[in-house]
file entry.cif (mmCIF, C-alpha atoms)
data_protein
#
loop_
_atom_site.label_atom_id
_atom_site.label_comp_id
_atom_site.auth_asym_id
_atom_site.auth_seq_id
_atom_site.Cartn_x
_atom_site.Cartn_y
_atom_site.Cartn_z
CA MET T 442 -6.99 -16.61 7.65
CA ILE T 443 -9.99 -17.18 9.89
CA SER T 444 -13.34 -18.14 8.43
CA GLU T 445 -16.68 -18.53 10.11
CA TYR T 446 -19.89 -19.81 8.58
CA VAL T 447 -23.26 -18.87 10.08
CA LYS T 448 -25.66 -21.59 8.92
CA GLU T 449 -28.94 -19.81 9.71
CA SER T 450 -28.20 -16.80 7.54
CA LYS T 451 -25.89 -18.66 5.13
CA THR T 452 -23.25 -16.03 5.84
CA LEU T 453 -19.56 -16.65 5.42
CA ILE T 454 -17.25 -14.31 7.31
CA LEU T 455 -13.69 -14.25 6.00
CA LYS T 456 -11.00 -12.57 8.05
CA VAL T 457 -7.57 -12.32 6.48
CA THR T 458 -4.78 -11.76 8.99
CA GLU T 459 -1.83 -11.33 6.64
CA GLU T 460 -0.28 -8.41 4.79
CA ILE T 461 -1.63 -8.25 1.24
CA ASP T 462 0.93 -7.75 -1.52
CA GLN T 463 1.75 -9.52 -4.79
CA HIS T 464 3.56 -12.26 -2.90
CA THR T 465 0.81 -13.17 -0.41
CA ALA T 466 -2.14 -12.44 -2.73
CA ASP T 467 -2.00 -15.70 -4.63
CA LYS T 468 -2.07 -17.91 -1.53
CA ILE T 469 -4.79 -15.88 0.18
CA ARG T 470 -6.86 -15.88 -3.01
CA ARG T 471 -6.78 -19.67 -3.20
CA LYS T 472 -7.82 -20.05 0.44
CA LEU T 473 -10.68 -17.58 0.04
CA ASP T 474 -11.97 -19.20 -3.15
CA ASN T 475 -11.82 -22.58 -1.49
CA GLU T 476 -13.97 -21.41 1.44
CA ILE T 477 -16.46 -19.70 -0.88
CA GLU T 478 -16.78 -22.79 -3.07
CA ILE T 479 -17.26 -25.12 -0.08
CA TYR T 480 -20.16 -23.14 1.44
CA SER T 481 -21.63 -21.43 -1.63
CA PRO T 482 -22.90 -18.78 0.82
CA LYS T 483 -25.70 -16.28 0.41
CA ASN T 484 -23.67 -13.53 2.04
CA VAL T 485 -19.93 -13.10 2.17
CA ILE T 486 -18.45 -10.59 4.61
CA PHE T 487 -14.78 -9.88 4.02
CA ASP T 488 -13.40 -8.51 7.31
CA PHE T 489 -10.30 -6.32 6.88
CA SER T 490 -9.65 -5.63 10.58
CA GLY T 491 -6.71 -8.08 10.68
CA ILE T 492 -4.97 -6.68 7.61
CA LEU T 493 -2.06 -4.47 8.63
CA PHE T 494 -0.85 -3.72 5.11
CA MET T 495 -2.40 -3.73 1.67
CA ASP T 496 -1.10 -2.42 -1.64
CA SER T 497 -2.85 -2.48 -5.04
CA SER T 498 -2.79 -6.30 -5.00
CA GLY T 499 -5.81 -5.98 -2.71
CA ILE T 500 -7.88 -4.46 -5.54
CA GLY T 501 -7.63 -7.52 -7.77
CA MET T 502 -8.13 -9.82 -4.80
CA VAL T 503 -11.38 -8.11 -3.77
CA LEU T 504 -12.75 -7.81 -7.32
CA GLY T 505 -11.95 -11.44 -8.11
CA ARG T 506 -13.76 -12.70 -4.99
CA TYR T 507 -16.68 -10.35 -5.65
CA LYS T 508 -17.10 -11.83 -9.12
CA LEU T 509 -16.99 -15.38 -7.78
CA VAL T 510 -19.58 -14.69 -5.07
CA LYS T 511 -21.88 -12.89 -7.52
CA MET T 512 -21.56 -15.77 -9.96
CA LEU T 513 -22.72 -18.11 -7.19
CA GLY T 514 -25.66 -15.78 -6.55
CA GLY T 515 -24.49 -14.29 -3.26
CA ASN T 516 -23.98 -10.83 -1.74
CA PHE T 517 -20.51 -9.51 -1.01
CA GLU T 518 -19.40 -6.77 1.34
CA ILE T 519 -16.19 -5.56 2.92
CA ILE T 520 -15.99 -4.34 6.52
CA ASN T 521 -13.42 -2.69 8.82
CA VAL T 522 -11.44 -1.00 6.07
CA ASN T 523 -9.00 1.69 7.23
CA LYS T 524 -8.56 5.10 5.62
CA ARG T 525 -5.64 4.15 3.35
CA MET T 526 -7.37 1.01 2.07
CA LYS T 527 -10.55 3.03 1.50
CA LYS T 528 -8.52 5.51 -0.55
CA ILE T 529 -7.11 2.68 -2.67
CA PHE T 530 -10.61 1.24 -3.23
CA ASP T 531 -12.00 4.71 -4.06
CA MET T 532 -9.21 5.48 -6.56
CA SER T 533 -9.69 2.21 -8.41
CA GLY T 534 -13.48 2.44 -8.54
CA VAL T 535 -13.98 -0.65 -6.33
CA SER T 536 -16.15 1.37 -3.91
CA ARG T 537 -18.61 2.08 -6.70
CA ILE T 538 -19.28 -1.64 -7.15
CA ILE T 539 -18.80 -3.17 -3.72
CA THR T 540 -20.28 -2.12 -0.36
CA ILE T 541 -17.39 -1.03 1.85
CA ARG T 542 -17.71 -0.20 5.53
CA GLU T 543 -14.91 1.69 7.26
CA GLU T 544 -13.59 0.74 10.67
CA GLU T 545 -14.47 2.79 13.73
CA ASP T 546 -11.09 3.00 15.41
CA GLU T 547 -8.00 3.89 13.45
CA HIS T 548 -5.36 2.14 15.52
CA ASN T 549 -5.03 -0.66 13.08
CA GLU T 550 -1.82 -0.01 11.22
CA GLN T 551 1.59 -1.28 11.99
CA ILE T 552 4.30 1.27 12.70
CA VAL T 553 7.24 -0.39 10.93
CA MET Z 949 33.45 18.65 -0.16
CA SER Z 950 30.12 18.44 1.59
CA LYS Z 951 27.51 16.00 0.34
CA LEU Z 952 24.19 17.05 -1.09
CA TYR Z 953 22.28 14.66 1.15
CA ASP Z 954 22.23 14.12 4.89
CA ASN Z 955 21.93 10.36 4.85
CA GLU Z 956 21.87 7.54 2.35
CA MET Z 957 21.19 3.82 2.12
CA LYS Z 958 21.39 1.26 -0.69
CA LEU Z 959 19.75 -2.14 -0.95
CA GLU Z 960 20.00 -4.91 -3.53
CA PHE Z 961 17.91 -8.05 -3.54
CA SER Z 962 16.73 -10.86 -5.84
CA SER Z 963 13.62 -10.20 -7.90
CA LYS Z 964 11.40 -12.44 -5.79
CA THR Z 965 8.01 -11.31 -4.55
CA SER Z 966 8.92 -12.76 -1.14
CA ASN Z 967 11.28 -9.75 -0.78
CA GLU Z 968 8.48 -7.18 -1.07
CA ALA Z 969 7.76 -7.08 2.66
CA PHE Z 970 11.49 -6.87 3.45
CA ALA Z 971 11.97 -3.96 0.99
CA ARG Z 972 9.13 -1.80 2.29
CA VAL Z 973 9.97 -2.43 5.95
CA ALA Z 974 13.68 -1.62 5.36
CA VAL Z 975 12.82 1.68 3.65
CA ALA Z 976 10.32 2.53 6.40
CA ALA Z 977 12.97 1.85 9.06
CA PHE Z 978 15.41 4.17 7.26
CA VAL Z 979 12.80 6.93 6.94
CA SER Z 980 11.77 6.65 10.59
CA GLN Z 981 14.73 8.84 11.61
CA LEU Z 982 12.75 11.79 10.18
CA ASP Z 983 10.10 11.09 12.84
CA PRO Z 984 7.24 10.47 10.39
CA THR Z 985 3.65 9.83 11.41
CA ILE Z 986 2.23 6.32 11.04
CA ASP Z 987 0.26 7.60 8.04
CA GLU Z 988 3.36 8.99 6.32
CA LEU Z 989 5.20 5.71 6.90
CA SER Z 990 2.29 3.69 5.54
CA ASP Z 991 2.17 5.92 2.45
CA ILE Z 992 5.86 5.23 1.83
CA LYS Z 993 5.53 1.49 2.47
CA THR Z 994 2.64 1.26 0.01
CA ALA Z 995 4.49 3.22 -2.70
CA VAL Z 996 7.67 1.14 -2.26
CA SER Z 997 5.64 -2.06 -2.44
CA GLU Z 998 4.09 -0.93 -5.75
CA ALA Z 999 7.43 0.03 -7.32
CA VAL Z 1000 9.17 -3.16 -6.19
CA THR Z 1001 6.27 -5.32 -7.43
CA ASN Z 1002 6.46 -3.60 -10.83
CA SER Z 1003 10.19 -4.31 -11.11
CA ILE Z 1004 9.71 -7.95 -10.17
CA ILE Z 1005 6.67 -8.92 -12.22
CA HIS Z 1006 6.89 -6.50 -15.15
CA GLY Z 1007 10.62 -5.67 -15.32
CA TYR Z 1008 11.86 -9.24 -14.90
CA GLY Z 1009 8.74 -11.38 -15.29
CA ASP Z 1010 9.86 -14.99 -15.29
CA GLU Z 1011 13.56 -14.11 -15.41
CA ASP Z 1012 15.80 -13.72 -12.38
CA GLY Z 1013 17.28 -10.34 -11.70
CA THR Z 1014 18.23 -7.83 -9.04
CA VAL Z 1015 16.12 -4.97 -7.72
CA LYS Z 1016 17.96 -1.96 -6.30
CA ILE Z 1017 16.71 0.60 -3.86
CA GLU Z 1018 18.57 3.78 -3.00
CA ALA Z 1019 17.10 6.14 -0.45
CA ARG Z 1020 18.42 9.55 0.50
CA ILE Z 1021 17.37 12.08 3.08
CA TYR Z 1022 17.66 15.76 2.23
CA ILE Z 1023 16.82 17.72 5.40
CA ASP Z 1024 13.09 16.86 5.76
CA THR Z 1025 12.57 15.08 2.43
CA VAL Z 1026 13.16 11.46 1.51
CA GLN Z 1027 13.96 10.43 -2.04
CA ILE Z 1028 13.56 6.76 -2.92
CA GLU Z 1029 14.82 5.22 -6.16
CA VAL Z 1030 13.66 1.74 -7.13
CA SER Z 1031 15.43 0.37 -10.19
CA ASP Z 1032 15.80 -2.82 -12.19
CA ASN Z 1033 17.73 -4.01 -15.24
CA GLY Z 1034 14.66 -5.64 -16.71
CA LYS Z 1035 12.95 -5.31 -20.05
CA GLY Z 1036 11.89 -1.67 -19.66
CA ILE Z 1037 8.57 0.07 -20.35
CA GLU Z 1038 7.62 0.72 -23.96
CA ASN Z 1039 5.11 3.46 -23.30
CA ILE Z 1040 5.52 5.11 -19.88
CA GLU Z 1041 2.52 7.37 -20.32
CA MET Z 1042 0.26 4.40 -20.99
CA ALA Z 1043 1.79 2.34 -18.17
CA MET Z 1044 1.06 5.17 -15.71
CA ARG Z 1045 -2.57 5.51 -16.76
CA PRO Z 1046 -4.99 4.37 -14.02
CA LEU Z 1047 -6.37 0.86 -14.55
CA TYR Z 1048 -3.95 0.09 -17.40
CA THR Z 1049 -2.31 -3.30 -16.87
CA SER Z 1050 -0.32 -5.60 -19.10
CA LYS Z 1051 -1.01 -8.51 -16.75
CA PRO Z 1052 -4.76 -8.77 -16.07
CA ASP Z 1053 -4.30 -12.54 -15.77
CA LEU Z 1054 -2.45 -12.01 -12.48
CA GLU Z 1055 -5.44 -10.01 -11.17
CA ARG Z 1056 -3.27 -6.89 -11.46
CA SER Z 1057 -5.43 -3.80 -11.29
CA GLY Z 1058 -3.24 -1.28 -13.11
CA MET Z 1059 -3.29 1.08 -10.12
CA GLY Z 1060 0.39 0.83 -9.07
CA PHE Z 1061 1.64 4.12 -10.50
CA THR Z 1062 -1.57 5.92 -9.54
CA ILE Z 1063 -1.07 4.82 -5.94
CA MET Z 1064 2.59 5.90 -5.99
CA GLU Z 1065 1.57 9.32 -7.31
CA SER Z 1066 -1.22 9.65 -4.80
CA PHE Z 1067 0.81 8.65 -1.72
CA MET Z 1068 4.09 10.42 -2.59
CA ASP Z 1069 4.73 14.11 -3.43
CA ASP Z 1070 6.56 13.41 -6.67
CA VAL Z 1071 7.06 10.35 -8.91
CA LYS Z 1072 9.38 10.22 -11.93
CA VAL Z 1073 9.76 7.20 -14.21
CA GLU Z 1074 12.71 6.64 -16.53
CA SER Z 1075 12.92 3.55 -18.71
CA ALA Z 1076 14.90 2.15 -21.61
CA ILE Z 1077 13.81 -0.92 -23.55
CA GLY Z 1078 16.17 -3.78 -22.81
CA PHE Z 1079 18.00 -1.88 -20.09
CA GLY Z 1080 15.54 -1.37 -17.27
CA THR Z 1081 13.41 1.06 -15.36
CA LYS Z 1082 14.02 3.52 -12.55
CA VAL Z 1083 11.26 5.03 -10.44
CA THR Z 1084 12.23 8.05 -8.31
CA MET Z 1085 9.80 9.12 -5.61
CA LYS Z 1086 9.96 11.98 -3.14
CA LYS Z 1087 8.07 12.73 0.01
CA LYS Z 1088 8.44 15.56 2.46
CA ILE Z 1089 7.97 14.53 6.07
CA ALA Z 1090 5.97 17.25 7.80
CA PRO Z 1091 7.64 18.77 10.86
CA LYS Z 1092 5.89 18.02 14.12
CA VAL Z 1093 4.36 21.16 15.60
CA ILE Z 1094 2.88 19.86 18.86
CA GLU Z 1095 5.47 21.57 21.10
CA LYS Z 1096 5.04 24.86 19.34
CA ILE Z 1097 1.28 24.85 19.87
CA ASP Z 1098 1.91 24.24 23.56
CA ASP Z 1099 4.28 27.21 23.64
CA ASN Z 1100 1.70 29.46 22.03
CA GLN Z 1101 -0.84 28.26 24.52
CA ASN Z 1102 1.56 29.13 27.34
CA ASP Z 1103 2.20 32.56 25.85
CA GLU Z 1104 -1.50 33.21 25.68
CA ASN Z 1105 -1.93 32.12 29.26
CA ASN Z 1106 0.98 34.31 30.30
CA ILE Z 1107 -0.51 37.35 28.59
CA LYS Z 1108 -3.85 36.57 30.20
CA ASN Z 1109 -2.20 36.32 33.60
CA ILE Z 1110 -0.35 39.60 33.10
CA LEU Z 1111 -3.52 41.38 31.97
CA GLU Z 1112 -5.51 39.97 34.87
CA ALA Z 1113 -2.86 40.81 37.45
#

call {"tool": "encode", "arguments": {"input": "entry.cif", "output": "structure tokens"}}
result
Amino acid sequence: MISEYVKESKTLILKVTEEIDQHTADKIRRKLDNEIEIYSPKNVIFDFSGILFMDSSGIGMVLGRYKLVKMLGGNFEIINVNKRMKKIFDMSGVSRIITIREEEDEHNEQIV
Amino acid sequence: MSKLYDNEMKLEFSSKTSNEAFARVAVAAFVSQLDPTIDELSDIKTAVSEAVTNSIIHGYGDEDGTVKIEARIYIDTVQIEVSDNGKGIENIEMAMRPLYTSKPDLERSGMGFTIMESFMDDVKVESAIGFGTKVTMKKKIAPKVIEKIDDNQNDENNIKNILEA
């Protein structure tokens, strides 16, 4: 995971670079919460461009972080989401709550 | 006697979440002989990941067990069975309902079956309390038509050439 904090705008950019499933979710979740709690940022941008795979474990992960950021009084958005992830977020209703921006290029998924 | 399927593979592994990535990649590698698109492969990987996760965290929970995957290719269709000998599902209809989860504490969203149904052509769930659960999923891999389009294009050009000659 790569995180970057922009002091001027109090923006925390979180970029996960692992596959998200039930196994990895717990570890990633802890790292993300840790970063959010350290900076207590005004804006959190969750960058999905480094995520090559995500199953429904991603739904809980995103909603959980959204709740934490909101509780701390910040804004939360997700960027660079591919078509399949967008579909998963649409199906589960996540897109109705959280701002999601899709990626421009679609060459983001692993073949095997 | 000829077999009903063209190819088959079977996998067995411990019910550990660390095997999820292995399971979906192994199934994807088996399916790749049907020349699927990246999208079709990702659909299959996602569905397999959901079914395997269900077996591990709901079927077995804190107990150790074995998850089985059997995949078969019938001409252009792949059938994937994911099964466990875990505790079984009491109410399949309720378990398959979107957003229903018996484990909200694990940040489970209750979208597993909905995702399987959305990414595969057919999903069937059989379960017996105390004996386990089997999820059978099917997906047809669309034939690639690129060459054919080129041929048609050539035919059209040929006709054009003949008419213009």

call {"tool": "interface_residues", "arguments": {"input": "entry.cif", "of": "chain T", "to": "chain Z", "cutoff": "9 Å", "atoms": "all atoms listed in the file", "output": "number ranges by chain"}}
result
T: 460, 462-465, 467, 494-502, 504-505, 525, 529, 532-533, 550-553

call {"tool": "write_last_selection", "arguments": {"input": "entry.cif", "atoms": "C-alpha atoms", "output": "PDB file, in the frame of the given file"}}
result
ATOM      1  CA  GLU T 460      -0.280  -8.410   4.790  1.00  0.00           C
ATOM      2  CA  ASP T 462       0.930  -7.750  -1.520  1.00  0.00           C
ATOM      3  CA  GLN T 463       1.750  -9.520  -4.790  1.00  0.00           C
ATOM      4  CA  HIS T 464       3.560 -12.260  -2.900  1.00  0.00           C
ATOM      5  CA  THR T 465       0.810 -13.170  -0.410  1.00  0.00           C
ATOM      6  CA  ASP T 467      -2.000 -15.700  -4.630  1.00  0.00           C
ATOM      7  CA  PHE T 494      -0.850  -3.720   5.110  1.00  0.00           C
ATOM      8  CA  MET T 495      -2.400  -3.730   1.670  1.00  0.00           C
ATOM      9  CA  ASP T 496      -1.100  -2.420  -1.640  1.00  0.00           C
ATOM     10  CA  SER T 497      -2.850  -2.480  -5.040  1.00  0.00           C
ATOM     11  CA  SER T 498      -2.790  -6.300  -5.000  1.00  0.00           C
ATOM     12  CA  GLY T 499      -5.810  -5.980  -2.710  1.00  0.00           C
ATOM     13  CA  ILE T 500      -7.880  -4.460  -5.540  1.00  0.00           C
ATOM     14  CA  GLY T 501      -7.630  -7.520  -7.770  1.00  0.00           C
ATOM     15  CA  MET T 502      -8.130  -9.820  -4.800  1.00  0.00           C
ATOM     16  CA  LEU T 504     -12.750  -7.810  -7.320  1.00  0.00           C
ATOM     17  CA  GLY T 505     -11.950 -11.440  -8.110  1.00  0.00           C
ATOM     18  CA  ARG T 525      -5.640   4.150   3.350  1.00  0.00           C
ATOM     19  CA  ILE T 529      -7.110   2.680  -2.670  1.00  0.00           C
ATOM     20  CA  MET T 532      -9.210   5.480  -6.560  1.00  0.00           C
ATOM     21  CA  SER T 533      -9.690   2.210  -8.410  1.00  0.00           C
ATOM     22  CA  GLU T 550      -1.820  -0.010  11.220  1.00  0.00           C
ATOM     23  CA  GLN T 551       1.590  -1.280  11.990  1.00  0.00           C
ATOM     24  CA  ILE T 552       4.300   1.270  12.700  1.00  0.00           C
ATOM     25  CA  VAL T 553       7.240  -0.390  10.930  1.00  0.00           C
TER      26      VAL T 553
END

call {"tool": "closest_residue", "arguments": {"input": "entry.cif", "among": "Z:Asp1053, Z:Glu1011, Z:Asp1024, Z:Asp1032", "to": "Gly1080 (chain Z)", "atoms": "all atoms listed in the file"}}
result
Z:Asp1032

call {"tool": "atom_distance", "arguments": {"input": "entry.cif", "atom1": "CA of Thr1081 (chain Z)", "atom2": "CA of Asp1069 (chain Z)"}}
result
19.7 Å

call {"tool": "closest_residue", "arguments": {"input": "entry.cif", "among": "Z:Ala1090, Z:Leu982, Z:Ala1043, Z:Ile1023", "to": "Val1073 (chain Z)", "atoms": "all atoms listed in the file"}}
result
Z:Ala1043

call {"tool": "residues_around", "arguments": {"input": "entry.cif", "residues": "Ile469 (chain T)", "least_positions_apart": "2", "cutoff": "9 Å", "atoms": "all atoms listed in the file", "output": "compact mmCIF listing (two decimals) with C-alpha atoms, in the frame of the given file"}}
result
# COMPACT_ATOMS: atom_id res chain seq x y z
CA MET T 442 -6.99 -16.61 7.65
CA VAL T 457 -7.57 -12.32 6.48
CA GLU T 459 -1.83 -11.33 6.64
CA ILE T 461 -1.63 -8.25 1.24
CA THR T 465 0.81 -13.17 -0.41
CA ALA T 466 -2.14 -12.44 -2.73
CA ASP T 467 -2.00 -15.70 -4.63
CA ARG T 471 -6.78 -19.67 -3.20
CA LYS T 472 -7.82 -20.05 0.44
CA LEU T 473 -10.68 -17.58 0.04
CA ASP T 474 -11.97 -19.20 -3.15
CA MET T 502 -8.13 -9.82 -4.80

call {"tool": "atom_distance", "arguments": {"input": "entry.cif", "atom1": "CA of Met1085 (chain Z)", "atom2": "CA of Ile1017 (chain Z)"}}
result
11.1 Å

call {"tool": "residues_around", "arguments": {"input": "entry.cif", "residues": "Ser450 (chain T)", "least_positions_apart": "5", "cutoff": "10 Å", "atoms": "all atoms listed in the file", "output": "PyMOL selection string"}}
result
chain T and resi 482-484

call {"tool": "resolve_selection", "arguments": {"input": "entry.cif", "expression": "the PyMOL selection byres ((chain T and resi 445) around 10)", "output": "mmCIF file with C-alpha atoms, in the frame of the given file"}}
result
data_model
loop_
_atom_site.group_PDB
_atom_site.id
_atom_site.type_symbol
_atom_site.label_atom_id
_atom_site.label_comp_id
_atom_site.auth_asym_id
_atom_site.auth_seq_id
_atom_site.Cartn_x
_atom_site.Cartn_y
_atom_site.Cartn_z
ATOM 1 C CA ILE T 443 -9.990 -17.180 9.890
ATOM 2 C CA SER T 444 -13.340 -18.140 8.430
ATOM 3 C CA TYR T 446 -19.890 -19.810 8.580
ATOM 4 C CA VAL T 447 -23.260 -18.870 10.080
ATOM 5 C CA LYS T 448 -25.660 -21.590 8.920
ATOM 6 C CA THR T 452 -23.250 -16.030 5.840
ATOM 7 C CA LEU T 453 -19.560 -16.650 5.420
ATOM 8 C CA ILE T 454 -17.250 -14.310 7.310
ATOM 9 C CA LEU T 455 -13.690 -14.250 6.000
ATOM 10 C CA LYS T 456 -11.000 -12.570 8.050
ATOM 11 C CA GLU T 476 -13.970 -21.410 1.440
ATOM 12 C CA ILE T 486 -18.450 -10.590 4.610
#

call {"tool": "resolve_selection", "arguments": {"input": "entry.cif", "expression": "the PyMOL selection byres ((chain T and resi 544) around 8)", "output": "MDAnalysis selection string"}}
result
chainID T and resid 490 520:523 542:543 545:547

call {"tool": "atom_distance", "arguments": {"input": "entry.cif", "atom1": "CA of Ser1003 (chain Z)", "atom2": "CA of Val1026 (chain Z)"}}
result
20.4 Å

call {"tool": "residues_around", "arguments": {"input": "entry.cif", "residues": "Glu956 (chain Z)", "least_positions_apart": "4", "cutoff": "12 Å", "atoms": "all atoms listed in the file", "output": "mmCIF file with C-alpha atoms, keeping the file's coordinate frame"}}
result
data_model
loop_
_atom_site.group_PDB
_atom_site.id
_atom_site.type_symbol
_atom_site.label_atom_id
_atom_site.label_comp_id
_atom_site.auth_asym_id
_atom_site.auth_seq_id
_atom_site.Cartn_x
_atom_site.Cartn_y
_atom_site.Cartn_z
ATOM 1 C CA LYS Z 951 27.510 16.000 0.340
ATOM 2 C CA LEU Z 952 24.190 17.050 -1.090
ATOM 3 C CA VAL Z 975 12.820 1.680 3.650
ATOM 4 C CA PHE Z 978 15.410 4.170 7.260
ATOM 5 C CA VAL Z 979 12.800 6.930 6.940
ATOM 6 C CA GLN Z 981 14.730 8.840 11.610
ATOM 7 C CA ILE Z 1017 16.710 0.600 -3.860
ATOM 8 C CA GLU Z 1018 18.570 3.780 -3.000
ATOM 9 C CA ALA Z 1019 17.100 6.140 -0.450
ATOM 10 C CA ARG Z 1020 18.420 9.550 0.500
ATOM 11 C CA ILE Z 1021 17.370 12.080 3.080
ATOM 12 C CA TYR Z 1022 17.660 15.760 2.230
ATOM 13 C CA ILE Z 1023 16.820 17.720 5.400
ATOM 14 C CA THR Z 1025 12.570 15.080 2.430
ATOM 15 C CA VAL Z 1026 13.160 11.460 1.510
ATOM 16 C CA GLN Z 1027 13.960 10.430 -2.040
ATOM 17 C CA ILE Z 1028 13.560 6.760 -2.920
ATOM 18 C CA GLU Z 1029 14.820 5.220 -6.160
#

call {"tool": "resolve_selection", "arguments": {"input": "entry.cif", "expression": "the PyMOL selection byres ((chain Z and resi 1070) around 7)", "output": "count of residues only"}}
result
8

call {"tool": "axis_aligned_box", "arguments": {"input": "entry.cif", "around": "region 539-544 of chain T", "padding_each_side": "4 Å", "output": "JSON"}}
result
{"center_x": -16.9, "center_y": -0.7, "center_z": 3.5, "size_x": 14.7, "size_y": 12.9, "size_z": 22.4}

call {"tool": "residues_around", "arguments": {"input": "entry.cif", "residues": "Gly1007 (chain Z)", "least_positions_apart": "5", "cutoff": "12 Å", "atoms": "only C-alpha atoms", "output": "count of residues only"}}
result
29
